[in-house]
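With PDB, C-alpha atoms inside, this is my_file_6.pdb:
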ATOM      1  CA  MET A   1      -5.580  61.154  33.110
ATOM      2  CA  ARG A   2      -5.423  62.127  29.419
ATOM      3  CA  LYS A   3      -2.867  59.399  28.665
ATOM      4  CA  PHE A   4      -5.130  56.859  30.382
ATOM      5  CA  LYS A   5      -8.037  57.943  28.172
ATOM      6  CA  LEU A   6      -5.887  57.570  25.037
ATOM      7  CA  VAL A   7      -4.838  54.064  26.112
ATOM      8  CA  MET A   8      -8.451  53.126  26.844
ATOM      9  CA  ILE A   9      -9.565  54.360  23.409
ATOM     10  CA  MET A  10      -6.834  52.307  21.738
ATOM     11  CA  ALA A  11      -7.741  49.220  23.805
ATOM     12  CA  ALA A  12     -11.439  49.632  22.974
ATOM     13  CA  GLY A  13     -10.523  50.107  19.292
ATOM     14  CA  CYS A  14      -8.539  46.857  19.314
ATOM     15  CA  ILE A  15     -11.294  44.861  21.009
ATOM     16  CA  LEU A  16     -14.232  46.294  19.029
ATOM     17  CA  GLY A  17     -12.256  46.239  15.773
ATOM     18  CA  TYR A  18     -11.361  42.585  16.224
ATOM     19  CA  MET A  19     -14.995  41.756  17.030
ATOM     20  CA  LEU A  20     -16.150  43.587  13.898
ATOM     21  CA  HIS A  21     -13.633  41.648  11.848
ATOM     22  CA  TYR A  22     -14.468  38.288  13.422
ATOM     23  CA  PHE A  23     -18.266  38.544  13.383
ATOM     24  CA  VAL A  24     -18.730  40.420  10.083
ATOM     25  CA  PHE A  25     -15.768  40.480   7.724
ATOM     26  CA  CYS A  26     -14.393  36.946   8.154
ATOM     27  CA  GLU A  27     -17.411  35.432   6.455
ATOM     28  CA  MET A  28     -17.739  38.213   3.884
ATOM     29  CA  ILE A  29     -14.191  37.609   2.689
ATOM     30  CA  THR A  30     -15.021  33.982   1.876
ATOM     31  CA  TRP A  31     -17.772  35.191  -0.471
ATOM     32  CA  PHE A  32     -15.145  36.909  -2.593
ATOM     33  CA  VAL A  33     -12.141  34.656  -2.106
ATOM     34  CA  PRO A  34     -12.065  30.898  -1.288
ATOM     35  CA  TYR A  35     -10.029  29.605   1.690
ATOM     36  CA  ASP A  36      -7.442  27.981  -0.544
ATOM     37  CA  SER A  37      -6.763  31.168  -2.525
ATOM     38  CA  VAL A  38      -3.306  32.723  -2.333
ATOM     39  CA  VAL A  39      -4.825  36.091  -1.334
ATOM     40  CA  TYR A  40      -7.089  34.745   1.422
ATOM     41  CA  LEU A  41      -4.549  35.114   4.261
ATOM     42  CA  PRO A  42      -3.344  38.593   3.207
ATOM     43  CA  LEU A  43      -6.995  39.697   2.945
ATOM     44  CA  LEU A  44      -7.708  38.308   6.393
ATOM     45  CA  ILE A  45      -4.703  40.107   7.918
ATOM     46  CA  LEU A  46      -5.506  43.397   6.170
ATOM     47  CA  SER A  47      -9.139  43.082   7.228
ATOM     48  CA  VAL A  48      -8.318  42.683  10.905
ATOM     49  CA  LEU A  49      -5.854  45.590  10.746
ATOM     50  CA  PHE A  50      -8.352  47.792   8.922
ATOM     51  CA  CYS A  51     -11.104  47.008  11.421
ATOM     52  CA  ILE A  52      -8.869  47.691  14.433
ATOM     53  CA  PHE A  53      -7.365  50.882  13.009
ATOM     54  CA  GLY A  54     -10.726  52.021  11.628
ATOM     55  CA  VAL A  55     -12.650  51.559  14.862
ATOM     56  CA  THR A  56      -9.821  53.228  16.781
ATOM     57  CA  ALA A  57      -9.927  56.172  14.352
ATOM     58  CA  VAL A  58     -13.706  56.471  14.747
ATOM     59  CA  LEU A  59     -13.359  56.473  18.552
ATOM     60  CA  PHE A  60     -10.690  59.191  18.391
ATOM     61  CA  ILE A  61     -12.872  61.245  16.063
ATOM     62  CA  LEU A  62     -15.871  60.866  18.375
ATOM     63  CA  CYS A  63     -13.843  61.842  21.450
ATOM     64  CA  TYR A  64     -11.429  64.439  20.050
ATOM     65  CA  ARG A  65     -12.617  65.240  16.487
ATOM     66  CA  ARG A  66      -9.111  64.422  15.257
ATOM     67  CA  ILE A  67      -6.779  61.561  14.499
ATOM     68  CA  THR A  68      -3.044  61.324  14.201
ATOM     69  CA  LYS A  69      -1.343  61.540  10.853
ATOM     70  CA  ARG A  70       0.248  58.126  11.434
ATOM     71  CA  LEU A  71      -3.149  56.491  12.035
ATOM     72  CA  TYR A  72      -4.617  58.238   8.993
ATOM     73  CA  LEU A  73      -1.774  57.139   6.703
ATOM     74  CA  SER A  74      -1.914  53.585   8.070
ATOM     75  CA  LEU A  75      -5.631  53.423   7.337
ATOM     76  CA  LEU A  76      -5.057  54.833   3.872
ATOM     77  CA  VAL A  77      -2.439  52.212   2.970
ATOM     78  CA  ILE A  78      -4.428  49.312   4.438
ATOM     79  CA  TYR A  79      -7.623  50.500   2.720
ATOM     80  CA  GLY A  80      -5.852  50.798  -0.630
ATOM     81  CA  LEU A  81      -4.335  47.319  -0.354
ATOM     82  CA  LEU A  82      -7.667  45.833   0.720
ATOM     83  CA  LEU A  83      -9.453  47.445  -2.195
ATOM     84  CA  ILE A  84      -6.859  46.206  -4.685
ATOM     85  CA  LEU A  85      -6.978  42.649  -3.300
ATOM     86  CA  MET A  86     -10.785  42.596  -3.196
ATOM     87  CA  LEU A  87     -11.088  43.868  -6.750
ATOM     88  CA  PHE A  88      -8.172  42.073  -8.404
ATOM     89  CA  GLY A  89      -7.164  39.230  -6.076
ATOM     90  CA  ARG A  90      -9.842  36.803  -7.146
ATOM     91  CA  SER A  91      -9.236  33.787  -9.317
ATOM     92  CA  ALA A  92      -9.449  34.313 -13.026
ATOM     93  CA  THR A  93     -12.968  34.226 -14.421
ATOM     94  CA  GLU A  94     -14.466  34.329 -17.859
ATOM     95  CA  ARG A  95     -14.745  37.734 -19.489
ATOM     96  CA  LEU A  96     -18.390  38.651 -19.158
ATOM     97  CA  PHE A  97     -20.179  41.965 -19.657
ATOM     98  CA  ILE A  98     -23.440  42.591 -17.813
ATOM     99  CA  LEU A  99     -24.602  45.887 -19.232
ATOM    100  CA  ASN A 100     -28.135  45.863 -17.838
ATOM    101  CA  PRO A 101     -28.003  46.590 -14.074
ATOM    102  CA  LEU A 102     -31.445  44.999 -13.647
ATOM    103  CA  THR A 103     -29.905  41.611 -14.470
ATOM    104  CA  SER A 104     -27.819  41.712 -11.293
ATOM    105  CA  LEU A 105     -30.539  43.471  -9.312
ATOM    106  CA  ARG A 106     -32.858  40.489  -9.888
ATOM    107  CA  GLU A 107     -30.334  38.278  -8.081
ATOM    108  CA  ILE A 108     -30.258  40.526  -4.992
ATOM    109  CA  THR A 109     -32.555  38.095  -3.159
ATOM    110  CA  ASP A 110     -29.645  35.648  -3.000
ATOM    111  CA  GLU A 111     -27.899  36.199   0.353
ATOM    112  CA  GLU A 112     -24.405  36.111  -1.140
ATOM    113  CA  MET A 113     -25.329  38.601  -3.879
ATOM    114  CA  LEU A 114     -26.961  40.887  -1.318
ATOM    115  CA  MET A 115     -23.895  40.845   0.939
ATOM    116  CA  GLN A 116     -21.538  41.418  -2.004
ATOM    117  CA  SER A 117     -23.662  44.362  -3.100
ATOM    118  CA  ILE A 118     -23.644  45.867   0.391
ATOM    119  CA  LEU A 119     -19.897  45.344   0.600
ATOM    120  CA  ASN A 120     -19.397  46.935  -2.846
ATOM    121  CA  LEU A 121     -21.362  49.967  -1.687
ATOM    122  CA  CYS A 122     -19.615  50.244   1.692
ATOM    123  CA  CYS A 123     -16.095  49.707   0.315
ATOM    124  CA  PHE A 124     -16.325  52.870  -1.738
ATOM    125  CA  ILE A 125     -17.756  55.184   0.918
ATOM    126  CA  PRO A 126     -14.262  56.101   2.215
ATOM    127  CA  LEU A 127     -13.320  57.301  -1.278
ATOM    128  CA  GLY A 128     -15.850  60.084  -0.756
ATOM    129  CA  TRP A 129     -13.424  61.478   1.819
ATOM    130  CA  PHE A 130     -10.833  62.048  -0.902
ATOM    131  CA  PHE A 131     -13.410  63.885  -3.017
ATOM    132  CA  ARG A 132     -14.649  66.042  -0.122
ATOM    133  CA  LYS A 133     -13.037  69.237  -1.455
ATOM    134  CA  VAL A 134     -14.129  68.606  -5.038
ATOM    135  CA  GLU A 135     -17.320  70.274  -6.185
ATOM    136  CA  ARG A 136     -20.271  67.938  -6.642
ATOM    137  CA  LYS A 137     -20.374  67.906 -10.470
ATOM    138  CA  LYS A 138     -16.678  67.040 -10.742
ATOM    139  CA  MET A 139     -17.068  64.405  -8.029
ATOM    140  CA  ILE A 140     -19.872  62.745  -9.977
ATOM    141  CA  VAL A 141     -17.784  62.654 -13.152
ATOM    142  CA  LEU A 142     -14.719  61.360 -11.258
ATOM    143  CA  SER A 143     -16.718  58.623  -9.528
ATOM    144  CA  ILE A 144     -18.332  57.509 -12.810
ATOM    145  CA  VAL A 145     -14.966  57.355 -14.584
ATOM    146  CA  LEU A 146     -13.329  55.529 -11.653
ATOM    147  CA  ALA A 147     -16.168  53.013 -11.215
ATOM    148  CA  PHE A 148     -16.424  52.041 -14.869
ATOM    149  CA  SER A 149     -12.629  51.996 -15.244
ATOM    150  CA  LEU A 150     -12.331  49.554 -12.338
ATOM    151  CA  GLU A 151     -15.021  47.305 -13.791
ATOM    152  CA  LEU A 152     -13.352  47.392 -17.201
ATOM    153  CA  LEU A 153      -9.939  46.685 -15.689
ATOM    154  CA  GLN A 154     -11.350  43.697 -13.788
ATOM    155  CA  THR A 155     -12.703  42.308 -17.039
ATOM    156  CA  VAL A 156      -9.529  42.938 -19.036
ATOM    157  CA  THR A 157      -7.375  41.259 -16.373
ATOM    158  CA  GLY A 158      -9.870  38.395 -16.048
ATOM    159  CA  ARG A 159     -10.326  39.024 -12.310
ATOM    160  CA  GLY A 160     -13.991  39.784 -12.452
ATOM    161  CA  MET A 161     -16.756  40.658 -14.827
ATOM    162  CA  PHE A 162     -17.955  44.009 -16.065
ATOM    163  CA  ASP A 163     -21.189  44.590 -14.171
ATOM    164  CA  THR A 164     -22.916  47.951 -14.455
ATOM    165  CA  PHE A 165     -24.769  47.245 -11.198
ATOM    166  CA  ASP A 166     -21.436  47.006  -9.360
ATOM    167  CA  ALA A 167     -20.296  50.250 -10.989
ATOM    168  CA  LEU A 168     -23.505  51.944  -9.841
ATOM    169  CA  LEU A 169     -22.879  50.675  -6.298
ATOM    170  CA  TYR A 170     -19.326  52.090  -6.394
ATOM    171  CA  ILE A 171     -20.686  55.450  -7.565
ATOM    172  CA  ALA A 172     -23.382  55.450  -4.873
ATOM    173  CA  GLY A 173     -20.798  54.590  -2.209
ATOM    174  CA  MET A 174     -18.507  57.414  -3.281
ATOM    175  CA  GLY A 175     -21.498  59.772  -3.388
ATOM    176  CA  ILE A 176     -22.602  58.814   0.128
ATOM    177  CA  GLY A 177     -19.043  59.269   1.366
ATOM    178  CA  HIS A 178     -18.772  62.656  -0.335
ATOM    179  CA  ILE A 179     -22.019  63.947   1.155
ATOM    180  CA  VAL A 180     -21.569  62.551   4.678
ATOM    181  CA  LEU A 181     -17.826  62.957   5.156
ATOM    182  CA  LYS A 182     -17.805  66.472   3.689
ATOM    183  CA  LYS A 183     -19.821  67.615   6.701
ATOM    184  CA  VAL A 184     -17.582  65.914   9.259
ATOM    185  CA  ASP A 185     -14.818  68.118  10.598
ATOM    186  CA  ILE A 186     -11.866  65.787  11.137
ATOM    187  CA  ARG A 187      -8.474  67.255  11.841
ATOM    188  CA  ILE A 188      -5.341  65.281  11.181
ATOM    189  CA  VAL A 189      -2.652  66.114  13.729
ATOM    190  CA  GLU A 190       0.963  65.007  14.214
ATOM    191  CA  LYS A 191       0.270  63.765  17.767
ATOM    192  CA  PHE A 192      -2.119  64.267  20.646
ATOM    193  CA  ASP A 193      -0.940  66.910  23.072
TER
END
What do you get writing this file as structure tokens?
Amino acid sequence: MRKFKLVMIMAAGCILGYMLHYFVFCEMITWFVPYDSVVYLPLLILSVLFCIFGVTAVLFILCYRRITKRLYLSLLVIYGLLLILMLFGRSATERLFILNPLTSLREITDEEMLMQSILNLCCFIPLGWFFRKVERKKMIVLSIVLAFSLELLQTVTGRGMFDTFDALLYIAGMGIGHIVLKKVDIRIVEKFD
């Protein structure tokens, strides 16, 4: 009976994860990367894998309060690759510094800007998990340094612009992840018994 339940959770994770990818992330990816871009297909593949593995992990956590080490490491690798491609896989742009976050905030009424902002916030929530054992003050400093470093690196490499609003969204995402995921007791196990 237990094996049947595990199989059903994995099947539900595959179906719901694919639906999440198809109905939400497919269109979001095109806002960051055009169809003819060299990173479009890898982003699409990583997105579907992340959605399937992520939903499966959430279902295991809801049912058993644990996930396997293999699933956790798979999610970690896929998440890291997705983040790198989303941040640095875009076509080269002009080097632009937007230091006033209100400049970008004024454009939030544009649907594409709103969705990119939501995605920027949500993409960094999982990083809060890695800071869960760090005290709050150190986490704030780490998230500020990481967010502004990423924005600066995007500008230096010509893969994006330095936007303080984006950096603030990264920081907020990491903060939300730190607060919420710190309270969630998730055990990582070798395998389900």
Next on the checklist: With the PyMOL selection byres ((chain A and resi 125) around 12) as the selection, what would be picked from this file? Answer as JSON, numbers by chain, please.
Outcome noted: {"A": [79, 83, 118, 119, 120, 121, 122, 123, 124, 126, 127, 128, 129, 130, 131, 132, 143, 169, 170, 171, 172, 173, 174, 175, 176, 177, 178, 179, 180, 181, 182]}
Checklist entry - In Å, with one decimal, what is the gap from CA of Met161 in chain A to CA of Leu87 in chain A? => result 10.4 Å
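For the choices A:Ile61, A:Met115, A:Ala167, A:Leu146, the atom-to-atom distance to Thr30 in chain A is smallest for A:Met115 when using all atoms listed in the file.
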Checklist entry - Taking the file as shown, what set of residues would the PyMOL selection byres ((chain A and resi 57) around 12) give back, as a PyMOL selection string? => result chain A and resi 6+9-14+16-17+49-56+58-76+186-188
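Reported to one decimal place, the separation of CA of Leu96 in chain A from CA of Thr155 in chain A is 7.1 Å.
CA of Thr103 in chain A is found 28.1 Å from CA of Ser37 in chain A.
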Build an axis-aligned box that encloses every atom of range 121-135 of chain A listed in the file, pad it by 4 Å on each side, and report its centre and edge lengths in Å to one decimal, as lines of an AutoDock Vina configuration file.
center_x = -16.1
center_y = 60.0
center_z = -2.0
size_x = 18.5
size_y = 28.6
size_z = 16.4
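Residues matched by the PyMOL selection byres ((chain A and resi 84) around 12) in this file are Val39, Pro42, Leu43, Leu46, Val77, Ile78, Tyr79, Gly80, Leu81, Leu82, Leu83, Leu85, Met86, Leu87, Phe88, Gly89, Arg90, Cys123, Phe124, Leu150, Leu153, Gln154 and Arg159 of chain A.
Comparing the minimum interatomic distances between Lys3 in chain A and each of A:Val48, A:Ile144, A:Phe192, A:Gly158, counting only C-alpha atoms, we find that A:Phe192 sits nearest.
Considering all atoms listed in the file, the residue among A:Val134, A:Asp166, A:Ile45, A:Glu112 positioned nearest to Phe97 in chain A is A:Asp166.
The nearest approach to Tyr22 in chain A among the residues A:Val141, A:Leu102, A:Leu44, A:Leu168, with all atoms listed in the file taken into account, belongs to A:Leu44.
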Incomplete range 34-45 of chain A filled out to all heavy atoms as a PDB file, keeping the file's coordinate frame:
ATOM      1  N   PRO A  34     -12.014  32.195  -1.995  1.00  0.00           N
ATOM      2  CA  PRO A  34     -12.065  30.898  -1.288  1.00  0.00           C
ATOM      3  C   PRO A  34     -10.885  30.744  -0.318  1.00  0.00           C
ATOM      4  O   PRO A  34      -9.851  31.396  -0.462  1.00  0.00           O
ATOM      5  CB  PRO A  34     -11.998  29.874  -2.406  1.00  0.00           C
ATOM      6  CG  PRO A  34     -11.470  30.590  -3.589  1.00  0.00           C
ATOM      7  CD  PRO A  34     -11.776  32.040  -3.419  1.00  0.00           C
ATOM      8  N   TYR A  35     -11.059  29.850   0.672  1.00  0.00           N
ATOM      9  CA  TYR A  35     -10.029  29.605   1.690  1.00  0.00           C
ATOM     10  C   TYR A  35      -8.677  29.229   1.083  1.00  0.00           C
ATOM     11  O   TYR A  35      -7.643  29.618   1.594  1.00  0.00           O
ATOM     12  CB  TYR A  35     -10.447  28.466   2.630  1.00  0.00           C
ATOM     13  CG  TYR A  35     -11.598  28.795   3.524  1.00  0.00           C
ATOM     14  CD1 TYR A  35     -12.822  28.152   3.379  1.00  0.00           C
ATOM     15  CD2 TYR A  35     -11.470  29.733   4.539  1.00  0.00           C
ATOM     16  CE1 TYR A  35     -13.896  28.445   4.199  1.00  0.00           C
ATOM     17  CE2 TYR A  35     -12.529  30.042   5.377  1.00  0.00           C
ATOM     18  CZ  TYR A  35     -13.734  29.393   5.199  1.00  0.00           C
ATOM     19  OH  TYR A  35     -14.778  29.689   6.023  1.00  0.00           O
ATOM     20  N   ASP A  36      -8.698  28.467   0.021  1.00  0.00           N
ATOM     21  CA  ASP A  36      -7.442  27.981  -0.544  1.00  0.00           C
ATOM     22  C   ASP A  36      -6.784  28.967  -1.511  1.00  0.00           C
ATOM     23  O   ASP A  36      -5.750  28.667  -2.109  1.00  0.00           O
ATOM     24  CB  ASP A  36      -7.652  26.637  -1.235  1.00  0.00           C
ATOM     25  CG  ASP A  36      -8.704  26.704  -2.335  1.00  0.00           C
ATOM     26  OD1 ASP A  36      -9.360  27.751  -2.484  1.00  0.00           O
ATOM     27  OD2 ASP A  36      -8.857  25.695  -3.042  1.00  0.00           O
ATOM     28  N   SER A  37      -7.332  30.155  -1.642  1.00  0.00           N
ATOM     29  CA  SER A  37      -6.763  31.168  -2.525  1.00  0.00           C
ATOM     30  C   SER A  37      -5.486  31.749  -1.913  1.00  0.00           C
ATOM     31  O   SER A  37      -5.346  31.856  -0.693  1.00  0.00           O
ATOM     32  CB  SER A  37      -7.775  32.291  -2.756  1.00  0.00           C
ATOM     33  OG  SER A  37      -7.179  33.352  -3.446  1.00  0.00           O
ATOM     34  N   VAL A  38      -4.580  32.155  -2.783  1.00  0.00           N
ATOM     35  CA  VAL A  38      -3.306  32.723  -2.333  1.00  0.00           C
ATOM     36  C   VAL A  38      -3.503  34.081  -1.649  1.00  0.00           C
ATOM     37  O   VAL A  38      -2.682  34.481  -0.840  1.00  0.00           O
ATOM     38  CB  VAL A  38      -2.303  32.807  -3.513  1.00  0.00           C
ATOM     39  CG1 VAL A  38      -2.717  33.876  -4.502  1.00  0.00           C
ATOM     40  CG2 VAL A  38      -0.910  33.034  -3.020  1.00  0.00           C
ATOM     41  N   VAL A  39      -4.594  34.773  -1.944  1.00  0.00           N
ATOM     42  CA  VAL A  39      -4.825  36.091  -1.334  1.00  0.00           C
ATOM     43  C   VAL A  39      -5.713  36.032  -0.095  1.00  0.00           C
ATOM     44  O   VAL A  39      -5.955  37.054   0.530  1.00  0.00           O
ATOM     45  CB  VAL A  39      -5.422  37.089  -2.353  1.00  0.00           C
ATOM     46  CG1 VAL A  39      -4.462  37.369  -3.480  1.00  0.00           C
ATOM     47  CG2 VAL A  39      -6.759  36.640  -2.849  1.00  0.00           C
ATOM     48  N   TYR A  40      -6.186  34.846   0.269  1.00  0.00           N
ATOM     49  CA  TYR A  40      -7.089  34.745   1.422  1.00  0.00           C
ATOM     50  C   TYR A  40      -6.417  35.227   2.712  1.00  0.00           C
ATOM     51  O   TYR A  40      -6.976  36.053   3.431  1.00  0.00           O
ATOM     52  CB  TYR A  40      -7.599  33.311   1.594  1.00  0.00           C
ATOM     53  CG  TYR A  40      -8.509  33.159   2.788  1.00  0.00           C
ATOM     54  CD1 TYR A  40      -9.807  33.633   2.746  1.00  0.00           C
ATOM     55  CD2 TYR A  40      -8.061  32.568   3.971  1.00  0.00           C
ATOM     56  CE1 TYR A  40     -10.644  33.521   3.839  1.00  0.00           C
ATOM     57  CE2 TYR A  40      -8.893  32.456   5.066  1.00  0.00           C
ATOM     58  CZ  TYR A  40     -10.182  32.934   4.993  1.00  0.00           C
ATOM     59  OH  TYR A  40     -11.004  32.839   6.083  1.00  0.00           O
ATOM     60  N   LEU A  41      -5.233  34.729   3.022  1.00  0.00           N
ATOM     61  CA  LEU A  41      -4.549  35.114   4.261  1.00  0.00           C
ATOM     62  C   LEU A  41      -4.185  36.595   4.275  1.00  0.00           C
ATOM     63  O   LEU A  41      -4.452  37.270   5.280  1.00  0.00           O
ATOM     64  CB  LEU A  41      -3.323  34.233   4.498  1.00  0.00           C
ATOM     65  CG  LEU A  41      -2.616  34.433   5.837  1.00  0.00           C
ATOM     66  CD1 LEU A  41      -3.562  34.170   6.995  1.00  0.00           C
ATOM     67  CD2 LEU A  41      -1.398  33.524   5.928  1.00  0.00           C
ATOM     68  N   PRO A  42      -3.606  37.149   3.190  1.00  0.00           N
ATOM     69  CA  PRO A  42      -3.344  38.593   3.207  1.00  0.00           C
ATOM     70  C   PRO A  42      -4.621  39.426   3.389  1.00  0.00           C
ATOM     71  O   PRO A  42      -4.615  40.423   4.115  1.00  0.00           O
ATOM     72  CB  PRO A  42      -2.709  38.871   1.842  1.00  0.00           C
ATOM     73  CG  PRO A  42      -2.121  37.577   1.430  1.00  0.00           C
ATOM     74  CD  PRO A  42      -3.017  36.519   2.015  1.00  0.00           C
ATOM     75  N   LEU A  43      -5.720  38.994   2.763  1.00  0.00           N
ATOM     76  CA  LEU A  43      -6.995  39.697   2.945  1.00  0.00           C
ATOM     77  C   LEU A  43      -7.456  39.636   4.390  1.00  0.00           C
ATOM     78  O   LEU A  43      -7.947  40.624   4.941  1.00  0.00           O
ATOM     79  CB  LEU A  43      -8.071  39.086   2.051  1.00  0.00           C
ATOM     80  CG  LEU A  43      -8.338  39.756   0.728  1.00  0.00           C
ATOM     81  CD1 LEU A  43      -9.380  38.987  -0.056  1.00  0.00           C
ATOM     82  CD2 LEU A  43      -8.736  41.183   0.885  1.00  0.00           C
ATOM     83  N   LEU A  44      -7.311  38.485   5.007  1.00  0.00           N
ATOM     84  CA  LEU A  44      -7.708  38.308   6.393  1.00  0.00           C
ATOM     85  C   LEU A  44      -6.892  39.223   7.314  1.00  0.00           C
ATOM     86  O   LEU A  44      -7.446  39.895   8.188  1.00  0.00           O
ATOM     87  CB  LEU A  44      -7.510  36.846   6.791  1.00  0.00           C
ATOM     88  CG  LEU A  44      -8.430  36.254   7.833  1.00  0.00           C
ATOM     89  CD1 LEU A  44      -9.871  36.385   7.421  1.00  0.00           C
ATOM     90  CD2 LEU A  44      -8.079  34.805   8.078  1.00  0.00           C
ATOM     91  N   ILE A  45      -5.583  39.265   7.092  1.00  0.00           N
ATOM     92  CA  ILE A  45      -4.703  40.107   7.918  1.00  0.00           C
ATOM     93  C   ILE A  45      -5.030  41.592   7.713  1.00  0.00           C
ATOM     94  O   ILE A  45      -5.155  42.346   8.677  1.00  0.00           O
ATOM     95  CB  ILE A  45      -3.222  39.805   7.592  1.00  0.00           C
ATOM     96  CG1 ILE A  45      -2.867  38.396   8.070  1.00  0.00           C
ATOM     97  CG2 ILE A  45      -2.297  40.842   8.242  1.00  0.00           C
ATOM     98  CD1 ILE A  45      -1.540  37.872   7.555  1.00  0.00           C
TER      99      ILE A  45
END
